[in-house]
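Undergrad: Below: one structure in structure tokens.
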Amino acid sequence: AEAVSISTMGETCMTGEIVKEISLKDISKKLEEFAQARNWEKYHSPRNLLLAMVGEVGELSEIFQWKGEVEKGLPNWEDSDKEHLGEELSDVLLYLIRLSDICGIDLADAALKKMVKNAVKYPVNRL
Ligand SMILES: Nc1ccn([C@H]2C[C@H](O)[C@@H](COP(=O)(O)OP(=O)(O)OP(=O)(O)O)O2)c(=O)n1
């Protein structure tokens, strides 16, 4: 089987611990390589990626379905359920990043600009 190399960049910070930091662009690049290696670029059209992402949102929703409200931090969840949640959140994120890339949108840039817009629209109340 082909070796799987999904490495993240590690940087040593001042306390000597390794800090993993990865940008949306880094992930974009890895997703492009992943698709290229499998000859899957032909499937990664905007519409297909959108539908795939919505499907993953459905899988994410299933985890919470019928549970009622859950406490922040999910203190009563099994580790395996939390791991599953992390996987579904990641699937949504990865398709969102790939969709943005395929549409020629710089997602990090767009998100920061949108946050500025939100702050202007909803100013902090000062008495
Ligand atoms: N054409 C594809 C198919 C998959 N993936 C990647 C992106 C997602 O992170 C993950 C989705 O894989 P699956 O379709 O196997 O979905 P799940 O991981 O949710 O598996 P399952 O539906 O069996 O729970 O794989 C991709 O980039 N392009």
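Residues are named by chain letter and number: chains run A, B, ... in the order of the structure tokens, numbers start at 1 in each chain, and ligands are numbered from 1 in the order shown.
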For ligand 1, collect every residue having any atom at a distance of at most 12 Å from a ligand atom (counting only C-alpha atoms and all ligand atoms); output as a ChimeraX atom specification.
TA: /A:27-28,30-45,48-60,62-63,84-99
Undergrad: Please produce a file of those selected residues containing C-alpha atoms, as a PDB file, in the first residue's frame.
TA:
ATOM      1  CA  ILE A  27      -4.438  22.515   4.083  1.00  0.00           C
ATOM      2  CA  SER A  28      -5.616  23.646   0.642  1.00  0.00           C
ATOM      3  CA  LYS A  30      -2.462  19.174   0.874  1.00  0.00           C
ATOM      4  CA  LEU A  31      -6.006  18.625  -0.394  1.00  0.00           C
ATOM      5  CA  GLU A  32      -4.883  19.508  -3.920  1.00  0.00           C
ATOM      6  CA  GLU A  33      -2.029  16.987  -3.658  1.00  0.00           C
ATOM      7  CA  PHE A  34      -4.442  14.368  -2.247  1.00  0.00           C
ATOM      8  CA  ALA A  35      -6.836  14.812  -5.179  1.00  0.00           C
ATOM      9  CA  GLN A  36      -4.014  14.936  -7.759  1.00  0.00           C
ATOM     10  CA  ALA A  37      -2.415  11.732  -6.485  1.00  0.00           C
ATOM     11  CA  ARG A  38      -5.717   9.855  -6.910  1.00  0.00           C
ATOM     12  CA  ASN A  39      -6.717  11.490 -10.180  1.00  0.00           C
ATOM     13  CA  TRP A  40      -9.789  12.826  -8.377  1.00  0.00           C
ATOM     14  CA  GLU A  41      -9.544  16.405  -9.601  1.00  0.00           C
ATOM     15  CA  LYS A  42     -12.219  15.638 -12.183  1.00  0.00           C
ATOM     16  CA  TYR A  43     -14.687  14.928  -9.354  1.00  0.00           C
ATOM     17  CA  HIS A  44     -13.838  18.055  -7.373  1.00  0.00           C
ATOM     18  CA  SER A  45     -16.168  20.478  -9.156  1.00  0.00           C
ATOM     19  CA  ASN A  48     -19.832  18.157  -6.180  1.00  0.00           C
ATOM     20  CA  LEU A  49     -17.780  19.640  -3.361  1.00  0.00           C
ATOM     21  CA  LEU A  50     -20.742  21.633  -2.074  1.00  0.00           C
ATOM     22  CA  LEU A  51     -22.927  18.512  -2.026  1.00  0.00           C
ATOM     23  CA  ALA A  52     -20.175  16.483  -0.370  1.00  0.00           C
ATOM     24  CA  MET A  53     -19.828  19.174   2.284  1.00  0.00           C
ATOM     25  CA  VAL A  54     -23.582  19.283   2.944  1.00  0.00           C
ATOM     26  CA  GLY A  55     -23.531  15.481   3.266  1.00  0.00           C
ATOM     27  CA  GLU A  56     -20.836  15.785   5.913  1.00  0.00           C
ATOM     28  CA  VAL A  57     -22.871  18.481   7.722  1.00  0.00           C
ATOM     29  CA  GLY A  58     -25.633  15.855   7.831  1.00  0.00           C
ATOM     30  CA  GLU A  59     -23.247  13.299   9.362  1.00  0.00           C
ATOM     31  CA  LEU A  60     -22.166  15.935  11.889  1.00  0.00           C
ATOM     32  CA  GLU A  62     -26.487  12.932  13.289  1.00  0.00           C
ATOM     33  CA  ILE A  63     -24.034  12.911  16.188  1.00  0.00           C
ATOM     34  CA  HIS A  84     -15.967  10.762  15.858  1.00  0.00           C
ATOM     35  CA  LEU A  85     -17.126  14.372  16.307  1.00  0.00           C
ATOM     36  CA  GLY A  86     -13.631  15.603  15.464  1.00  0.00           C
ATOM     37  CA  GLU A  87     -13.671  13.544  12.283  1.00  0.00           C
ATOM     38  CA  GLU A  88     -17.008  14.883  11.077  1.00  0.00           C
ATOM     39  CA  LEU A  89     -16.023  18.476  11.915  1.00  0.00           C
ATOM     40  CA  SER A  90     -12.843  17.897   9.922  1.00  0.00           C
ATOM     41  CA  ASP A  91     -14.725  16.500   6.926  1.00  0.00           C
ATOM     42  CA  VAL A  92     -16.872  19.647   6.812  1.00  0.00           C
ATOM     43  CA  LEU A  93     -13.814  21.876   7.162  1.00  0.00           C
ATOM     44  CA  LEU A  94     -11.828  20.023   4.518  1.00  0.00           C
ATOM     45  CA  TYR A  95     -14.628  20.154   1.942  1.00  0.00           C
ATOM     46  CA  LEU A  96     -15.214  23.841   2.755  1.00  0.00           C
ATOM     47  CA  ILE A  97     -11.528  24.628   2.212  1.00  0.00           C
ATOM     48  CA  ARG A  98     -11.424  22.580  -1.001  1.00  0.00           C
ATOM     49  CA  LEU A  99     -14.640  24.203  -2.272  1.00  0.00           C
TER      50      LEU A  99
END
Undergrad: Which residues come within 12 Å of Asp109 (chain A), counting only C-alpha atoms, excluding same-chain residues fewer than 5 positions away, as a PyMOL selection string?
TA: chain A and resi 23-25+100-101+104+114-116
Undergrad: Write out the residues from the selection above, keeping N, CA and C atoms, as a PDB file, in the first residue's frame.
TA:
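out_4.pdb, freshly written:
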ATOM      1  N   SER A  23      -1.865  26.615   8.197  1.00  0.00           N
ATOM      2  CA  SER A  23      -2.780  27.627   7.664  1.00  0.00           C
ATOM      3  C   SER A  23      -3.808  26.971   6.754  1.00  0.00           C
ATOM      4  N   LEU A  24      -4.867  27.710   6.469  1.00  0.00           N
ATOM      5  CA  LEU A  24      -5.872  27.205   5.527  1.00  0.00           C
ATOM      6  C   LEU A  24      -5.210  26.950   4.171  1.00  0.00           C
ATOM      7  N   LYS A  25      -4.249  27.796   3.813  1.00  0.00           N
ATOM      8  CA  LYS A  25      -3.536  27.599   2.529  1.00  0.00           C
ATOM      9  C   LYS A  25      -2.739  26.302   2.537  1.00  0.00           C
ATOM     10  N   SER A 100     -13.704  26.276  -1.473  1.00  0.00           N
ATOM     11  CA  SER A 100     -13.228  27.662  -1.596  1.00  0.00           C
ATOM     12  C   SER A 100     -12.091  27.737  -2.603  1.00  0.00           C
ATOM     13  N   ASP A 101     -11.152  26.821  -2.478  1.00  0.00           N
ATOM     14  CA  ASP A 101      -9.983  26.819  -3.349  1.00  0.00           C
ATOM     15  C   ASP A 101     -10.387  26.639  -4.812  1.00  0.00           C
ATOM     16  N   GLY A 104     -11.688  29.608  -6.332  1.00  0.00           N
ATOM     17  CA  GLY A 104     -10.751  30.733  -6.414  1.00  0.00           C
ATOM     18  C   GLY A 104     -10.944  31.748  -5.293  1.00  0.00           C
ATOM     19  N   LYS A 114     -14.711  39.343   6.502  1.00  0.00           N
ATOM     20  CA  LYS A 114     -16.093  39.208   6.966  1.00  0.00           C
ATOM     21  C   LYS A 114     -16.195  39.543   8.452  1.00  0.00           C
ATOM     22  N   MET A 115     -15.165  39.169   9.219  1.00  0.00           N
ATOM     23  CA  MET A 115     -15.167  39.486  10.649  1.00  0.00           C
ATOM     24  C   MET A 115     -15.104  40.991  10.883  1.00  0.00           C
ATOM     25  N   VAL A 116     -14.350  41.680  10.036  1.00  0.00           N
ATOM     26  CA  VAL A 116     -14.290  43.149  10.145  1.00  0.00           C
ATOM     27  C   VAL A 116     -15.676  43.723   9.849  1.00  0.00           C
TER      28      VAL A 116
END
Undergrad: Tell me, which residues of region 2-127 of chain A carry DSSP alpha helix (DSSP H), written as a count of residues only?
TA: 72
Undergrad: Just to confirm, what's the straight-line distance from CA of Pro46 (chain A) to CA of Asp26 (chain A) in Å (one decimal)?
TA: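 Result for CA of Pro46 (chain A) versus CA of Asp26 (chain A): 19.8 Å, one decimal.
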